[in-house]
file target_28.cif (mmCIF, N, CA and C atoms and all ligand atoms)
data_upload
loop_
_atom_site.label_atom_id
_atom_site.label_comp_id
_atom_site.auth_asym_id
_atom_site.auth_seq_id
_atom_site.Cartn_x
_atom_site.Cartn_y
_atom_site.Cartn_z
N MET P 140 20.80 40.11 -36.09
CA MET P 140 19.65 40.96 -35.80
C MET P 140 18.53 40.13 -35.17
N LYS P 141 17.73 40.78 -34.33
CA LYS P 141 16.59 40.12 -33.67
C LYS P 141 15.33 40.95 -33.91
N LEU P 142 14.20 40.27 -33.85
CA LEU P 142 12.91 40.98 -33.89
C LEU P 142 12.28 40.86 -32.51
N ILE P 143 12.06 41.99 -31.89
CA ILE P 143 11.40 42.01 -30.58
C ILE P 143 9.92 42.32 -30.83
N ILE P 144 9.07 41.43 -30.34
CA ILE P 144 7.61 41.66 -30.41
C ILE P 144 7.17 41.94 -28.98
N ALA P 145 6.63 43.13 -28.77
CA ALA P 145 6.23 43.52 -27.41
C ALA P 145 4.75 43.91 -27.40
N ILE P 146 3.97 43.21 -26.58
CA ILE P 146 2.54 43.52 -26.45
C ILE P 146 2.36 44.31 -25.16
N VAL P 147 1.86 45.53 -25.31
CA VAL P 147 1.67 46.39 -24.13
C VAL P 147 0.23 46.90 -24.10
N GLN P 148 -0.15 47.44 -22.96
CA GLN P 148 -1.49 48.02 -22.87
C GLN P 148 -1.53 49.33 -23.65
N ASP P 149 -2.71 49.63 -24.21
CA ASP P 149 -2.87 50.87 -24.98
C ASP P 149 -2.39 52.09 -24.19
N LYS P 150 -2.68 52.07 -22.87
CA LYS P 150 -2.34 53.23 -22.03
C LYS P 150 -0.83 53.49 -21.98
N ASP P 151 -0.03 52.45 -22.25
CA ASP P 151 1.43 52.59 -22.17
C ASP P 151 2.06 52.83 -23.54
N SER P 152 1.26 52.78 -24.61
CA SER P 152 1.88 52.75 -25.94
C SER P 152 2.53 54.08 -26.32
N SER P 153 1.94 55.22 -25.93
CA SER P 153 2.55 56.51 -26.28
C SER P 153 3.88 56.68 -25.56
N LYS P 154 3.88 56.31 -24.28
CA LYS P 154 5.11 56.44 -23.49
C LYS P 154 6.22 55.60 -24.12
N LEU P 155 5.87 54.37 -24.53
CA LEU P 155 6.87 53.49 -25.13
C LEU P 155 7.34 54.03 -26.48
N SER P 156 6.39 54.51 -27.32
CA SER P 156 6.78 55.08 -28.62
C SER P 156 7.76 56.23 -28.43
N ASN P 157 7.42 57.13 -27.51
CA ASN P 157 8.28 58.30 -27.27
C ASN P 157 9.67 57.88 -26.82
N ALA P 158 9.71 56.91 -25.91
CA ALA P 158 11.01 56.47 -25.37
C ALA P 158 11.85 55.81 -26.47
N LEU P 159 11.20 55.07 -27.37
CA LEU P 159 11.96 54.41 -28.45
C LEU P 159 12.50 55.45 -29.43
N VAL P 160 11.67 56.46 -29.76
CA VAL P 160 12.12 57.51 -30.68
C VAL P 160 13.31 58.25 -30.06
N GLU P 161 13.18 58.55 -28.77
CA GLU P 161 14.25 59.27 -28.07
C GLU P 161 15.57 58.49 -28.09
N ALA P 162 15.46 57.16 -28.00
CA ALA P 162 16.67 56.31 -28.00
C ALA P 162 17.11 55.96 -29.42
N ASP P 163 16.44 56.52 -30.43
CA ASP P 163 16.77 56.28 -31.84
C ASP P 163 16.59 54.80 -32.22
N ILE P 164 15.55 54.19 -31.67
CA ILE P 164 15.22 52.79 -31.98
C ILE P 164 13.98 52.81 -32.87
N ARG P 165 14.05 52.13 -34.02
CA ARG P 165 12.91 52.12 -34.94
C ARG P 165 11.92 51.03 -34.59
N ALA P 166 10.64 51.36 -34.74
CA ALA P 166 9.61 50.39 -34.36
C ALA P 166 8.35 50.59 -35.19
N THR P 167 7.54 49.54 -35.26
CA THR P 167 6.22 49.63 -35.89
C THR P 167 5.18 49.26 -34.84
N LYS P 168 4.11 50.05 -34.80
CA LYS P 168 3.03 49.81 -33.83
C LYS P 168 1.84 49.20 -34.53
N LEU P 169 1.31 48.15 -33.97
CA LEU P 169 0.10 47.54 -34.52
C LEU P 169 -1.00 47.61 -33.46
N SER P 170 -2.22 47.89 -33.91
CA SER P 170 -3.36 47.83 -32.99
C SER P 170 -3.82 46.38 -32.93
N THR P 171 -3.81 45.80 -31.74
CA THR P 171 -4.14 44.38 -31.61
C THR P 171 -5.21 44.18 -30.54
N THR P 172 -5.67 42.95 -30.43
CA THR P 172 -6.71 42.62 -29.45
C THR P 172 -6.29 41.38 -28.67
N GLY P 173 -6.35 41.47 -27.35
CA GLY P 173 -5.99 40.33 -26.51
C GLY P 173 -7.03 39.22 -26.64
N GLY P 174 -6.55 37.99 -26.75
CA GLY P 174 -7.45 36.85 -26.94
C GLY P 174 -8.32 36.57 -25.73
N PHE P 175 -7.86 36.92 -24.54
CA PHE P 175 -8.59 36.59 -23.32
C PHE P 175 -9.59 37.69 -22.96
N LEU P 176 -9.10 38.92 -22.82
CA LEU P 176 -9.98 40.04 -22.44
C LEU P 176 -10.77 40.56 -23.64
N ARG P 177 -10.28 40.28 -24.84
CA ARG P 177 -10.87 40.81 -26.09
C ARG P 177 -10.94 42.33 -26.06
N ALA P 178 -9.93 42.92 -25.43
CA ALA P 178 -9.83 44.38 -25.37
C ALA P 178 -8.61 44.79 -26.18
N GLY P 179 -8.59 46.04 -26.62
CA GLY P 179 -7.48 46.52 -27.43
C GLY P 179 -6.17 46.53 -26.66
N ASN P 180 -5.10 46.14 -27.33
CA ASN P 180 -3.76 46.38 -26.81
C ASN P 180 -2.87 46.77 -28.00
N THR P 181 -1.61 47.03 -27.74
CA THR P 181 -0.73 47.50 -28.81
C THR P 181 0.48 46.59 -28.92
N THR P 182 0.79 46.18 -30.15
CA THR P 182 1.95 45.31 -30.38
C THR P 182 3.02 46.10 -31.13
N PHE P 183 4.22 46.12 -30.58
CA PHE P 183 5.35 46.79 -31.22
C PHE P 183 6.23 45.74 -31.90
N LEU P 184 6.61 46.01 -33.15
CA LEU P 184 7.61 45.20 -33.85
C LEU P 184 8.89 46.04 -33.87
N ILE P 185 9.94 45.51 -33.29
CA ILE P 185 11.17 46.29 -33.17
C ILE P 185 12.34 45.44 -33.68
N GLY P 186 12.90 45.86 -34.81
CA GLY P 186 14.08 45.16 -35.34
C GLY P 186 15.34 45.83 -34.83
N VAL P 187 16.19 45.04 -34.13
CA VAL P 187 17.41 45.65 -33.56
C VAL P 187 18.61 44.73 -33.67
N GLU P 188 19.78 45.35 -33.68
CA GLU P 188 21.02 44.58 -33.59
C GLU P 188 21.14 44.02 -32.17
N GLU P 189 21.88 42.91 -32.08
CA GLU P 189 21.98 42.17 -30.80
C GLU P 189 22.47 43.08 -29.64
N ASP P 190 23.37 44.01 -29.95
CA ASP P 190 23.94 44.82 -28.86
C ASP P 190 22.95 45.84 -28.31
N LYS P 191 21.78 45.97 -28.96
CA LYS P 191 20.77 46.94 -28.47
C LYS P 191 19.64 46.23 -27.71
N ILE P 192 19.66 44.90 -27.68
CA ILE P 192 18.51 44.18 -27.11
C ILE P 192 18.26 44.55 -25.65
N GLU P 193 19.31 44.57 -24.85
CA GLU P 193 19.15 44.88 -23.43
C GLU P 193 18.59 46.29 -23.23
N THR P 194 19.06 47.23 -24.07
CA THR P 194 18.57 48.61 -23.99
C THR P 194 17.08 48.65 -24.28
N VAL P 195 16.66 47.94 -25.36
CA VAL P 195 15.25 47.97 -25.74
C VAL P 195 14.40 47.29 -24.65
N LEU P 196 14.88 46.17 -24.12
CA LEU P 196 14.11 45.48 -23.07
C LEU P 196 13.95 46.40 -21.85
N ALA P 197 14.99 47.14 -21.52
CA ALA P 197 14.92 48.05 -20.37
C ALA P 197 13.91 49.17 -20.63
N ILE P 198 13.88 49.67 -21.87
CA ILE P 198 12.92 50.74 -22.21
C ILE P 198 11.49 50.20 -22.11
N ILE P 199 11.27 48.98 -22.62
CA ILE P 199 9.92 48.38 -22.56
C ILE P 199 9.50 48.19 -21.10
N LYS P 200 10.43 47.67 -20.31
CA LYS P 200 10.13 47.41 -18.89
C LYS P 200 9.76 48.71 -18.17
N GLU P 201 10.55 49.73 -18.45
CA GLU P 201 10.37 51.04 -17.79
C GLU P 201 9.04 51.70 -18.20
N SER P 202 8.58 51.41 -19.45
CA SER P 202 7.40 52.11 -19.99
C SER P 202 6.09 51.37 -19.72
N SER P 203 6.15 50.14 -19.20
CA SER P 203 4.93 49.33 -19.10
C SER P 203 4.55 49.07 -17.65
N GLN P 204 3.31 49.35 -17.37
CA GLN P 204 2.83 49.16 -16.00
C GLN P 204 1.93 47.94 -15.88
N LYS P 205 1.94 47.31 -14.70
CA LYS P 205 0.95 46.27 -14.41
C LYS P 205 -0.32 46.96 -13.96
N ARG P 206 -1.48 46.49 -14.43
CA ARG P 206 -2.76 47.08 -14.00
C ARG P 206 -3.78 45.97 -13.79
N GLU P 207 -4.74 46.27 -12.91
CA GLU P 207 -5.85 45.33 -12.72
C GLU P 207 -6.97 45.72 -13.68
N GLN P 208 -7.52 44.73 -14.35
CA GLN P 208 -8.68 44.99 -15.21
C GLN P 208 -9.77 44.01 -14.80
N TYR P 209 -11.01 44.39 -15.09
CA TYR P 209 -12.12 43.51 -14.74
C TYR P 209 -12.76 42.96 -16.00
N MET P 210 -13.15 41.71 -15.96
CA MET P 210 -13.86 41.15 -17.10
C MET P 210 -15.09 40.41 -16.61
N ALA P 211 -16.16 40.45 -17.42
CA ALA P 211 -17.38 39.72 -17.08
C ALA P 211 -17.22 38.29 -17.56
N PRO P 212 -17.34 37.31 -16.65
CA PRO P 212 -17.23 35.93 -17.11
C PRO P 212 -18.39 35.59 -18.04
N PRO P 213 -18.20 34.68 -19.00
CA PRO P 213 -19.30 34.35 -19.91
C PRO P 213 -20.47 33.72 -19.18
N ILE P 214 -21.70 34.01 -19.63
CA ILE P 214 -22.90 33.44 -18.99
C ILE P 214 -23.11 32.03 -19.51
N ASN P 215 -23.35 31.09 -18.57
CA ASN P 215 -23.62 29.71 -18.96
C ASN P 215 -25.13 29.51 -19.01
N LEU P 216 -25.68 29.40 -20.21
CA LEU P 216 -27.14 29.32 -20.36
C LEU P 216 -27.73 28.00 -19.86
N ASP P 217 -26.86 27.00 -19.60
CA ASP P 217 -27.35 25.72 -19.07
C ASP P 217 -27.57 25.79 -17.56
N SER P 218 -27.07 26.86 -16.92
CA SER P 218 -27.20 26.96 -15.46
C SER P 218 -28.60 27.44 -15.10
N PRO P 219 -29.06 27.14 -13.87
CA PRO P 219 -30.36 27.66 -13.44
C PRO P 219 -30.35 29.19 -13.42
N MET P 220 -31.53 29.81 -13.50
CA MET P 220 -31.67 31.27 -13.63
C MET P 220 -30.83 32.03 -12.59
N GLU P 221 -30.90 31.59 -11.31
CA GLU P 221 -30.22 32.35 -10.26
C GLU P 221 -28.69 32.28 -10.39
N ALA P 222 -28.20 31.30 -11.14
CA ALA P 222 -26.75 31.16 -11.29
C ALA P 222 -26.22 31.96 -12.48
N THR P 223 -27.12 32.61 -13.24
CA THR P 223 -26.65 33.35 -14.42
C THR P 223 -26.21 34.77 -14.07
N HIS P 224 -26.38 35.17 -12.78
CA HIS P 224 -25.89 36.49 -12.35
C HIS P 224 -24.40 36.36 -12.11
N THR P 225 -23.60 36.86 -13.04
CA THR P 225 -22.16 36.72 -12.89
C THR P 225 -21.55 38.02 -12.41
N TYR P 226 -20.45 37.93 -11.71
CA TYR P 226 -19.77 39.11 -11.20
C TYR P 226 -18.46 39.29 -11.95
N PRO P 227 -18.04 40.54 -12.17
CA PRO P 227 -16.77 40.75 -12.87
C PRO P 227 -15.61 40.12 -12.09
N ILE P 228 -14.67 39.54 -12.78
CA ILE P 228 -13.49 39.00 -12.11
C ILE P 228 -12.28 39.88 -12.43
N GLU P 229 -11.38 39.95 -11.42
CA GLU P 229 -10.20 40.82 -11.57
C GLU P 229 -9.09 40.05 -12.28
N VAL P 230 -8.47 40.69 -13.26
CA VAL P 230 -7.36 40.07 -14.00
C VAL P 230 -6.20 41.06 -14.00
N GLN P 231 -5.00 40.56 -13.69
CA GLN P 231 -3.84 41.46 -13.74
C GLN P 231 -3.25 41.41 -15.15
N VAL P 232 -3.10 42.58 -15.77
CA VAL P 232 -2.58 42.65 -17.14
C VAL P 232 -1.22 43.35 -17.15
N GLY P 233 -0.32 42.78 -17.94
CA GLY P 233 0.98 43.44 -18.18
C GLY P 233 1.92 43.31 -17.02
N GLY P 234 2.88 44.17 -17.02
CA GLY P 234 3.35 45.22 -17.85
C GLY P 234 3.44 44.93 -19.34
N ALA P 235 4.35 44.04 -19.79
CA ALA P 235 4.51 43.81 -21.21
C ALA P 235 4.78 42.32 -21.43
N THR P 236 4.27 41.81 -22.56
CA THR P 236 4.59 40.44 -22.97
C THR P 236 5.55 40.56 -24.15
N VAL P 237 6.73 39.98 -23.99
CA VAL P 237 7.79 40.24 -24.98
C VAL P 237 8.36 38.93 -25.54
N PHE P 238 8.48 38.87 -26.85
CA PHE P 238 9.13 37.75 -27.54
C PHE P 238 10.36 38.30 -28.26
N VAL P 239 11.45 37.55 -28.22
CA VAL P 239 12.65 37.95 -28.98
C VAL P 239 12.94 36.83 -29.98
N LEU P 240 12.87 37.17 -31.28
CA LEU P 240 13.00 36.17 -32.34
C LEU P 240 14.25 36.43 -33.19
N PRO P 241 14.89 35.36 -33.67
CA PRO P 241 16.01 35.57 -34.60
C PRO P 241 15.48 36.06 -35.95
N VAL P 242 16.27 36.87 -36.63
CA VAL P 242 15.90 37.36 -37.97
C VAL P 242 16.89 36.78 -38.97
N ASP P 243 16.41 36.04 -39.97
CA ASP P 243 17.30 35.44 -40.98
C ASP P 243 17.92 36.51 -41.87
N SER P 244 17.09 37.42 -42.35
CA SER P 244 17.59 38.48 -43.23
C SER P 244 16.81 39.75 -42.96
N PHE P 245 17.46 40.88 -43.28
CA PHE P 245 16.79 42.17 -43.14
C PHE P 245 17.11 43.00 -44.38
N TYR P 246 16.10 43.49 -45.04
CA TYR P 246 16.30 44.34 -46.22
C TYR P 246 15.55 45.64 -45.99
N HIS P 247 16.12 46.73 -46.44
CA HIS P 247 15.44 48.04 -46.35
C HIS P 247 15.65 48.71 -47.70
N PHE P 248 14.69 48.52 -48.61
CA PHE P 248 14.89 48.98 -50.00
C PHE P 248 14.48 50.43 -50.15
P1 LIG Q 301 -5.25 39.01 -23.15
O1 LIG Q 301 -5.21 37.70 -23.88
O2 LIG Q 301 -6.48 39.83 -23.29
O3 LIG Q 301 -4.97 38.70 -21.62
C1 LIG Q 301 -5.06 39.72 -20.64
C2 LIG Q 301 -4.65 39.18 -19.28
O4 LIG Q 301 -5.61 38.18 -18.89
C3 LIG Q 301 -3.28 38.50 -19.25
O5 LIG Q 301 -2.30 39.48 -19.03
C4 LIG Q 301 -3.43 37.50 -18.12
O6 LIG Q 301 -3.20 38.12 -16.86
C5 LIG Q 301 -4.90 37.13 -18.17
N1 LIG Q 301 -5.13 35.89 -18.89
C6 LIG Q 301 -4.88 35.62 -20.19
N2 LIG Q 301 -5.28 34.37 -20.51
C7 LIG Q 301 -5.80 33.85 -19.39
C8 LIG Q 301 -6.41 32.59 -19.07
N3 LIG Q 301 -6.53 31.62 -19.98
N4 LIG Q 301 -6.83 32.41 -17.79
C9 LIG Q 301 -6.69 33.37 -16.85
N5 LIG Q 301 -6.16 34.59 -17.09
C10 LIG Q 301 -5.71 34.81 -18.34
P2 LIG Q 301 -0.87 39.34 -19.70
O7 LIG Q 301 -0.31 37.96 -19.44
O8 LIG Q 301 -0.04 40.50 -19.24
O9 LIG Q 301 -1.08 39.44 -21.28
C11 LIG Q 301 -1.42 40.68 -21.91
C12 LIG Q 301 -1.70 40.44 -23.37
O10 LIG Q 301 -0.49 39.94 -23.99
C13 LIG Q 301 -2.74 39.37 -23.68
O11 LIG Q 301 -4.02 39.94 -23.63
C14 LIG Q 301 -2.36 38.93 -25.09
O12 LIG Q 301 -2.80 39.89 -26.04
C15 LIG Q 301 -0.83 39.02 -25.02
N6 LIG Q 301 -0.22 37.72 -24.68
C16 LIG Q 301 0.07 37.26 -23.46
N7 LIG Q 301 0.67 36.06 -23.54
C17 LIG Q 301 0.76 35.76 -24.84
C18 LIG Q 301 1.27 34.65 -25.58
N8 LIG Q 301 1.83 33.58 -24.96
N9 LIG Q 301 1.18 34.64 -26.92
C19 LIG Q 301 0.63 35.72 -27.56
N10 LIG Q 301 0.13 36.81 -26.92
C20 LIG Q 301 0.18 36.83 -25.59
#

call {"tool": "encode", "arguments": {"input": "target_28.cif", "output": "structure tokens", "more": "lines below"}}
Ligand code: 2BA
result
Amino acid sequence: MKLIIAIVQDKDSSKLSNALVEADIRATKLSTTGGFLRAGNTTFLIGVEEDKIETVLAIIKESSQKREQYMAPPINLDSPMEATHTYPIEVQVGGATVFVLPVDSFYHF
């Protein structure tokens, strides 16, 4: 068995949940926050047998879009006054960041 951890944008989380339910794949959704943008995203924990991994990865890929987001760079208070006017910078987020981990044991009591 493997544990798939998939971080997706909030906008894609319903689509992914629906697709997983439709494929009879069990998952847990966590509300998380990206360390860089400090904006909400959604992390799915998906425990699956090895023969389902490719199916789950395909569902995640299909459900997650790449999007451009803007973030305000931090203001540097040591800079002269005229240099403190910062402009938003464009950051490309997603589709999905996925980790596949081995699972030593699985219990469902
Ligand atoms: P955030 O940390 O909020 O990052 C959002 C996007 O900002 C990233 O998109 C990436 O394009 C950009 N970014 C992140 N760190 C950066 C940096 N130091 N300099 C320049 N740009 C940077 P994604 O790569 O698609 O990541 C989306 C979210 O997935 C991340 O949100 C974070 O929550 C998670 N994530 C990505 N890589 C991860 C990792 N290695 N470990 C744990 N979580 C990760």

call {"tool": "select_by_dssp", "arguments": {"input": "target_28.cif", "residues": "stretch 157-248 of chain P", "states": "strand (DSSP E or B)", "output": "PyMOL selection string"}}
result
chain P and resi 167-172+179-187+206-210+228-232+235-241

call {"tool": "atom_distance", "arguments": {"input": "target_28.cif", "atom1": "atom CA of P:Leu142", "atom2": "atom CA of P:Val242"}}
result
6.2 Å

call {"tool": "residues_near_ligand", "arguments": {"input": "target_28.cif", "ligand": "ligand LIG 301 (chain Q)", "cutoff": "6.5 Å", "atoms": "only N, CA and C atoms and all ligand atoms", "output": "PDB file with N, CA and C atoms, in the coordinates of the input"}}
result
ATOM      1  N   ILE P 146       3.970  43.210 -26.580  1.00  0.00           N
ATOM      2  CA  ILE P 146       2.540  43.520 -26.450  1.00  0.00           C
ATOM      3  C   ILE P 146       2.360  44.310 -25.160  1.00  0.00           C
ATOM      4  N   VAL P 147       1.860  45.530 -25.310  1.00  0.00           N
ATOM      5  CA  VAL P 147       1.670  46.390 -24.130  1.00  0.00           C
ATOM      6  C   VAL P 147       0.230  46.900 -24.100  1.00  0.00           C
ATOM      7  N   THR P 172      -5.670  42.950 -30.430  1.00  0.00           N
ATOM      8  CA  THR P 172      -6.710  42.620 -29.450  1.00  0.00           C
ATOM      9  C   THR P 172      -6.290  41.380 -28.670  1.00  0.00           C
ATOM     10  N   GLY P 173      -6.350  41.470 -27.350  1.00  0.00           N
ATOM     11  CA  GLY P 173      -5.990  40.330 -26.510  1.00  0.00           C
ATOM     12  C   GLY P 173      -7.030  39.220 -26.640  1.00  0.00           C
ATOM     13  N   GLY P 174      -6.550  37.990 -26.750  1.00  0.00           N
ATOM     14  CA  GLY P 174      -7.450  36.850 -26.940  1.00  0.00           C
ATOM     15  C   GLY P 174      -8.320  36.570 -25.730  1.00  0.00           C
ATOM     16  N   PHE P 175      -7.860  36.920 -24.540  1.00  0.00           N
ATOM     17  CA  PHE P 175      -8.590  36.590 -23.320  1.00  0.00           C
ATOM     18  C   PHE P 175      -9.590  37.690 -22.960  1.00  0.00           C
ATOM     19  N   LEU P 176      -9.100  38.920 -22.820  1.00  0.00           N
ATOM     20  CA  LEU P 176      -9.980  40.040 -22.440  1.00  0.00           C
ATOM     21  C   LEU P 176     -10.770  40.560 -23.640  1.00  0.00           C
ATOM     22  N   ARG P 177     -10.280  40.280 -24.840  1.00  0.00           N
ATOM     23  CA  ARG P 177     -10.870  40.810 -26.090  1.00  0.00           C
ATOM     24  C   ARG P 177     -10.940  42.330 -26.060  1.00  0.00           C
ATOM     25  N   ALA P 178      -9.930  42.920 -25.430  1.00  0.00           N
ATOM     26  CA  ALA P 178      -9.830  44.380 -25.370  1.00  0.00           C
ATOM     27  C   ALA P 178      -8.610  44.790 -26.180  1.00  0.00           C
ATOM     28  N   VAL P 230      -8.470  40.690 -13.260  1.00  0.00           N
ATOM     29  CA  VAL P 230      -7.360  40.070 -14.000  1.00  0.00           C
ATOM     30  C   VAL P 230      -6.200  41.060 -14.000  1.00  0.00           C
ATOM     31  N   GLN P 231      -5.000  40.560 -13.690  1.00  0.00           N
ATOM     32  CA  GLN P 231      -3.840  41.460 -13.740  1.00  0.00           C
ATOM     33  C   GLN P 231      -3.250  41.410 -15.150  1.00  0.00           C
ATOM     34  N   VAL P 232      -3.100  42.580 -15.770  1.00  0.00           N
ATOM     35  CA  VAL P 232      -2.580  42.650 -17.140  1.00  0.00           C
ATOM     36  C   VAL P 232      -1.220  43.350 -17.150  1.00  0.00           C
ATOM     37  N   GLY P 233      -0.320  42.780 -17.940  1.00  0.00           N
ATOM     38  CA  GLY P 233       0.980  43.440 -18.180  1.00  0.00           C
ATOM     39  C   GLY P 233       1.920  43.310 -17.020  1.00  0.00           C
ATOM     40  N   GLY P 234       2.880  44.170 -17.020  1.00  0.00           N
ATOM     41  CA  GLY P 234       3.350  45.220 -17.850  1.00  0.00           C
ATOM     42  C   GLY P 234       3.440  44.930 -19.340  1.00  0.00           C
ATOM     43  N   ALA P 235       4.350  44.040 -19.790  1.00  0.00           N
ATOM     44  CA  ALA P 235       4.510  43.810 -21.210  1.00  0.00           C
ATOM     45  C   ALA P 235       4.780  42.320 -21.430  1.00  0.00           C
ATOM     46  N   THR P 236       4.270  41.810 -22.560  1.00  0.00           N
ATOM     47  CA  THR P 236       4.590  40.440 -22.970  1.00  0.00           C
ATOM     48  C   THR P 236       5.550  40.560 -24.150  1.00  0.00           C
TER      49      THR P 236
END

call {"tool": "atom_distance", "arguments": {"input": "target_28.cif", "atom1": "atom C of P:Leu159", "atom2": "atom CA of P:Tyr246"}}
result
20.5 Å

call {"tool": "closest_residue", "arguments": {"input": "target_28.cif", "among": "P:Leu155, P:Ile228, P:Ile143, P:Val160", "to": "P:Ser202", "atoms": "only C-alpha atoms"}}
result
P:Leu155

call {"tool": "atom_distance", "arguments": {"input": "target_28.cif", "atom1": "atom CA of P:Phe183", "atom2": "atom C of P:Val237"}}
result
10.2 Å
